Amino acid sequence: MAKSRSGFVKSSEGGQVLAFFAIALPVVLLPVAAYAVDAAILAGRESALQAATAQVAETAAQQINVRALRSTGVLSLDAAATRLVLEQALADEEPGASIDSCTVTNAEVSVVSSEPVSLPFSVFTDTVVLHAQATARLVAGYETPA
C-alpha cells in the first residue's frame, strides 16, 4: 500500500462495502420490512376484532328478560336471546370471527371471540389466531349498556 500526498493509505479494496450492502439488503432488511407489514396487518385486524366484540357485547346486553322483569321487577338478561343476538351481530360485524365463549349472569354479558388471520408475507407463520374479550352490563336508568 502506498501513501498519498495527504498521508492517507490508498487501498485497492474499496468495493467491499458495496458488496456487503448488496448481500445485507436482501438478507436482513427485506425480512424486517416484511415483518413490519405483517405486524401492521395484525394490529389493524386485532383492533377491528376488539371493536366488533365490544359492539356485539353491547348489543347482546340489551336483551332484557321481560318475564323476570314483570314477575320480580329485577332487571336481567334473557340468556337464549343474548346468545342468538351475539352470533348474528358478530357475523354482521366480522364475518371471519367466531364466538369462543359467552357468559350471561343477571344483567351482564361477557364475550370472547377469535378470528384467524392469514399473513401476506408469512415471515414466521402462515396464520395467526387473534382473540378479543368484552363485557357489557345493562343498568337501569341508562339508554345503552355500560
# chains A, B, ... in the order shown; residues from 1 in each chain; ligands from 1
>>> residues_around(residues="Phe124 in chain A", least_positions_apart="6", cutoff="12 Å", atoms="only C-alpha atoms", output="number ranges by chain")
A: 31-32, 34-36, 38-39, 118
>>> write_last_selection(atoms="C-alpha atoms", output="mmCIF file, in the first residue's frame")
data_model
loop_
_atom_site.group_PDB
_atom_site.id
_atom_site.type_symbol
_atom_site.label_atom_id
_atom_site.label_comp_id
_atom_site.auth_asym_id
_atom_site.auth_seq_id
_atom_site.Cartn_x
_atom_site.Cartn_y
_atom_site.Cartn_z
ATOM 1 C CA PRO A 31 -37.344 -9.698 6.073
ATOM 2 C CA VAL A 32 -37.567 -6.837 8.563
ATOM 3 C CA ALA A 34 -41.963 -7.983 5.585
ATOM 4 C CA TYR A 35 -42.301 -8.442 9.349
ATOM 5 C CA ALA A 36 -43.343 -4.797 9.705
ATOM 6 C CA ASP A 38 -47.338 -8.436 8.783
ATOM 7 C CA ALA A 39 -47.335 -6.711 12.188
ATOM 8 C CA SER A 118 -53.616 -15.152 7.074
#
>>> select_by_dssp(residues="chain A", states="strand (DSSP E)", output="ChimeraX atom specification")
/A:98-105,108-118,127-137
>>> residues_around(residues="Ala134 in chain A", least_positions_apart="6", cutoff="8 Å", atoms="only C-alpha atoms", output="MDAnalysis selection string")
chainID A and resid 50 53:54 57 110:112
>>> write_last_selection(atoms="C-alpha atoms", output="CSV table (one decimal), in the first residue's frame")
chain,number,residue,atom,x,y,z
A,50,GLN,CA,-61.9,-5.9,19.5
A,53,THR,CA,-66.6,-7.8,20.0
A,54,ALA,CA,-67.3,-4.7,22.2
A,57,ALA,CA,-71.5,-7.3,23.7
A,110,SER,CA,-69.1,-11.4,28.7
A,111,VAL,CA,-67.9,-12.4,25.2
A,112,VAL,CA,-64.7,-14.0,24.0
>>> atom_distance(atom1="CA of Val37 in chain A", atom2="CA of Val129 in chain A")
16.9 Å
>>> select_by_dssp(residues="chain A", states="alpha helix (DSSP H)", output="VMD selection string")
chain A and resid 16 to 24 30 to 60 66 to 72 79 to 93
>>> residues_around(residues="range 67-75 of chain A", least_positions_apart="5", cutoff="10 Å", atoms="only C-alpha atoms", output="list in words")
Asn106, Ala107, Leu138, Val139 and Ala140 of chain A
>>> atom_distance(atom1="CA of Ile99 in chain A", atom2="CA of Ser47 in chain A")
16.3 Å
>>> atom_distance(atom1="CA of Glu87 in chain A", atom2="CA of Ser114 in chain A")
12.5 Å
>>> closest_residue(among="A:Ala43, A:Ala80, A:Leu90, A:Ala136", to="Gln62 in chain A", atoms="only C-alpha atoms")
A:Ala136
>>> residues_around(residues="Glu108 in chain A", least_positions_apart="6", cutoff="8 Å", atoms="only C-alpha atoms", output="list of chain:residue names")
A:Ala61, A:Ser76, A:Leu77, A:Thr135, A:Ala136, A:Arg137, A:Leu138
>>> residues_around(residues="Leu119 in chain A", least_positions_apart="3", cutoff="8 Å", atoms="only C-alpha atoms", output="PDB file with C-alpha atoms, in the first residue's frame")
ATOM      1  CA  ASP A  38     -47.338  -8.436   8.783  1.00  0.00           C
ATOM      2  CA  ILE A  41     -51.909  -6.019   9.291  1.00  0.00           C
ATOM      3  CA  SER A 122     -45.527 -15.300   6.382  1.00  0.00           C
ATOM      4  CA  THR A 125     -46.028 -18.342  10.417  1.00  0.00           C
ATOM      5  CA  ASP A 126     -48.802 -18.505   7.811  1.00  0.00           C
ATOM      6  CA  THR A 127     -51.838 -17.896  10.031  1.00  0.00           C
ATOM      7  CA  VAL A 128     -52.339 -16.190  13.391  1.00  0.00           C
TER       8      VAL A 128
END
>>> residues_around(residues="Glu93 in chain A", least_positions_apart="6", cutoff="9 Å", atoms="only C-alpha atoms", output="PyMOL selection string")
chain A and resi 49+52-53+55-56
>>> decode(residues="range 32-138 of chain A", atoms="C-alpha atoms", output="short mmCIF file (atom, residue, chain, number, x, y, z; two decimals), in the first residue's frame")
data_model
loop_
_atom_site.label_atom_id
_atom_site.label_comp_id
_atom_site.auth_asym_id
_atom_site.auth_seq_id
_atom_site.Cartn_x
_atom_site.Cartn_y
_atom_site.Cartn_z
CA VAL A 32 -37.57 -6.84 8.56
CA ALA A 33 -39.78 -4.90 6.15
CA ALA A 34 -41.96 -7.98 5.58
CA TYR A 35 -42.30 -8.44 9.35
CA ALA A 36 -43.34 -4.80 9.71
CA VAL A 37 -46.08 -5.25 7.09
CA ASP A 38 -47.34 -8.44 8.78
CA ALA A 39 -47.34 -6.71 12.19
CA ALA A 40 -49.28 -3.73 10.83
CA ILE A 41 -51.91 -6.02 9.29
CA LEU A 42 -52.25 -7.94 12.56
CA ALA A 43 -52.61 -4.74 14.57
CA GLY A 44 -55.38 -3.50 12.28
CA ARG A 45 -57.26 -6.80 12.34
CA GLU A 46 -56.93 -7.07 16.13
CA SER A 47 -58.33 -3.57 16.55
CA ALA A 48 -61.28 -4.36 14.28
CA LEU A 49 -61.97 -7.63 16.13
CA GLN A 50 -61.88 -5.90 19.53
CA ALA A 51 -64.22 -3.14 18.34
CA ALA A 52 -66.64 -5.68 16.85
CA THR A 53 -66.59 -7.78 20.02
CA ALA A 54 -67.34 -4.74 22.19
CA GLN A 55 -70.18 -3.69 19.88
CA VAL A 56 -71.62 -7.20 19.90
CA ALA A 57 -71.48 -7.35 23.71
CA GLU A 58 -73.33 -4.04 23.97
CA THR A 59 -75.98 -5.22 21.52
CA ALA A 60 -76.42 -8.50 23.39
CA ALA A 61 -76.69 -6.71 26.74
CA GLN A 62 -79.92 -5.11 25.57
CA GLN A 63 -81.80 -8.43 25.53
CA ILE A 64 -83.90 -7.93 28.67
CA ASN A 65 -85.64 -10.91 30.25
CA VAL A 66 -89.16 -9.47 30.17
CA ARG A 67 -90.72 -12.34 32.18
CA ALA A 68 -88.33 -11.84 35.08
CA LEU A 69 -88.80 -8.08 34.94
CA ARG A 70 -92.59 -8.38 35.08
CA SER A 71 -92.71 -11.07 37.75
CA THR A 72 -89.93 -9.95 40.11
CA GLY A 73 -89.08 -6.43 38.98
CA VAL A 74 -85.42 -7.44 38.65
CA LEU A 75 -83.52 -6.33 35.57
CA SER A 76 -81.79 -9.35 33.99
CA LEU A 77 -80.83 -10.67 30.58
CA ASP A 78 -82.50 -13.43 28.57
CA ALA A 79 -79.62 -15.89 28.06
CA ALA A 80 -81.08 -17.60 24.97
CA ALA A 81 -81.86 -14.33 23.19
CA THR A 82 -78.46 -12.95 24.17
CA ARG A 83 -76.56 -15.86 22.58
CA LEU A 84 -78.66 -15.67 19.41
CA VAL A 85 -78.05 -11.92 19.08
CA LEU A 86 -74.32 -12.42 19.73
CA GLU A 87 -73.91 -14.87 16.87
CA GLN A 88 -75.94 -12.81 14.40
CA ALA A 89 -74.32 -9.49 15.30
CA LEU A 90 -70.77 -10.87 15.13
CA ALA A 91 -71.49 -12.44 11.74
CA ASP A 92 -72.60 -8.99 10.55
CA GLU A 93 -69.66 -7.09 12.09
CA GLU A 94 -66.78 -9.53 11.42
CA PRO A 95 -67.70 -12.38 9.04
CA GLY A 96 -64.47 -14.32 9.70
CA ALA A 97 -64.78 -14.19 13.50
CA SER A 98 -66.41 -16.71 15.79
CA ILE A 99 -67.59 -16.67 19.39
CA ASP A 100 -65.45 -18.83 21.66
CA SER A 101 -67.46 -18.32 24.83
CA CYS A 102 -70.35 -16.32 26.17
CA THR A 103 -71.25 -15.87 29.83
CA VAL A 104 -74.56 -14.31 30.85
CA THR A 105 -75.04 -13.51 34.54
CA ASN A 106 -78.03 -11.44 35.60
CA ALA A 107 -77.57 -8.14 33.72
CA GLU A 108 -74.02 -8.72 32.45
CA VAL A 109 -72.70 -10.47 29.36
CA SER A 110 -69.07 -11.42 28.69
CA VAL A 111 -67.94 -12.43 25.21
CA VAL A 112 -64.70 -13.98 23.97
CA SER A 113 -64.22 -14.11 20.21
CA SER A 114 -61.47 -15.22 17.85
CA GLU A 115 -60.53 -14.78 14.20
CA PRO A 116 -57.84 -16.48 12.12
CA VAL A 117 -55.78 -14.07 10.02
CA SER A 118 -53.62 -15.15 7.07
CA LEU A 119 -50.40 -13.18 6.76
CA PRO A 120 -49.26 -12.00 3.32
CA PHE A 121 -45.50 -12.47 3.82
CA SER A 122 -45.53 -15.30 6.38
CA VAL A 123 -42.19 -14.36 7.94
CA PHE A 124 -42.66 -16.62 10.98
CA THR A 125 -46.03 -18.34 10.42
CA ASP A 126 -48.80 -18.51 7.81
CA THR A 127 -51.84 -17.90 10.03
CA VAL A 128 -52.34 -16.19 13.39
CA VAL A 129 -55.46 -16.55 15.54
CA LEU A 130 -56.48 -13.31 17.25
CA HIS A 131 -58.64 -13.20 20.38
CA ALA A 132 -60.76 -10.41 21.85
CA GLN A 133 -62.83 -10.08 25.01
CA ALA A 134 -65.55 -7.65 26.02
CA THR A 135 -68.08 -7.28 28.83
CA ALA A 136 -71.23 -5.19 28.84
CA ARG A 137 -73.77 -4.58 31.60
CA LEU A 138 -77.34 -3.38 31.44
#
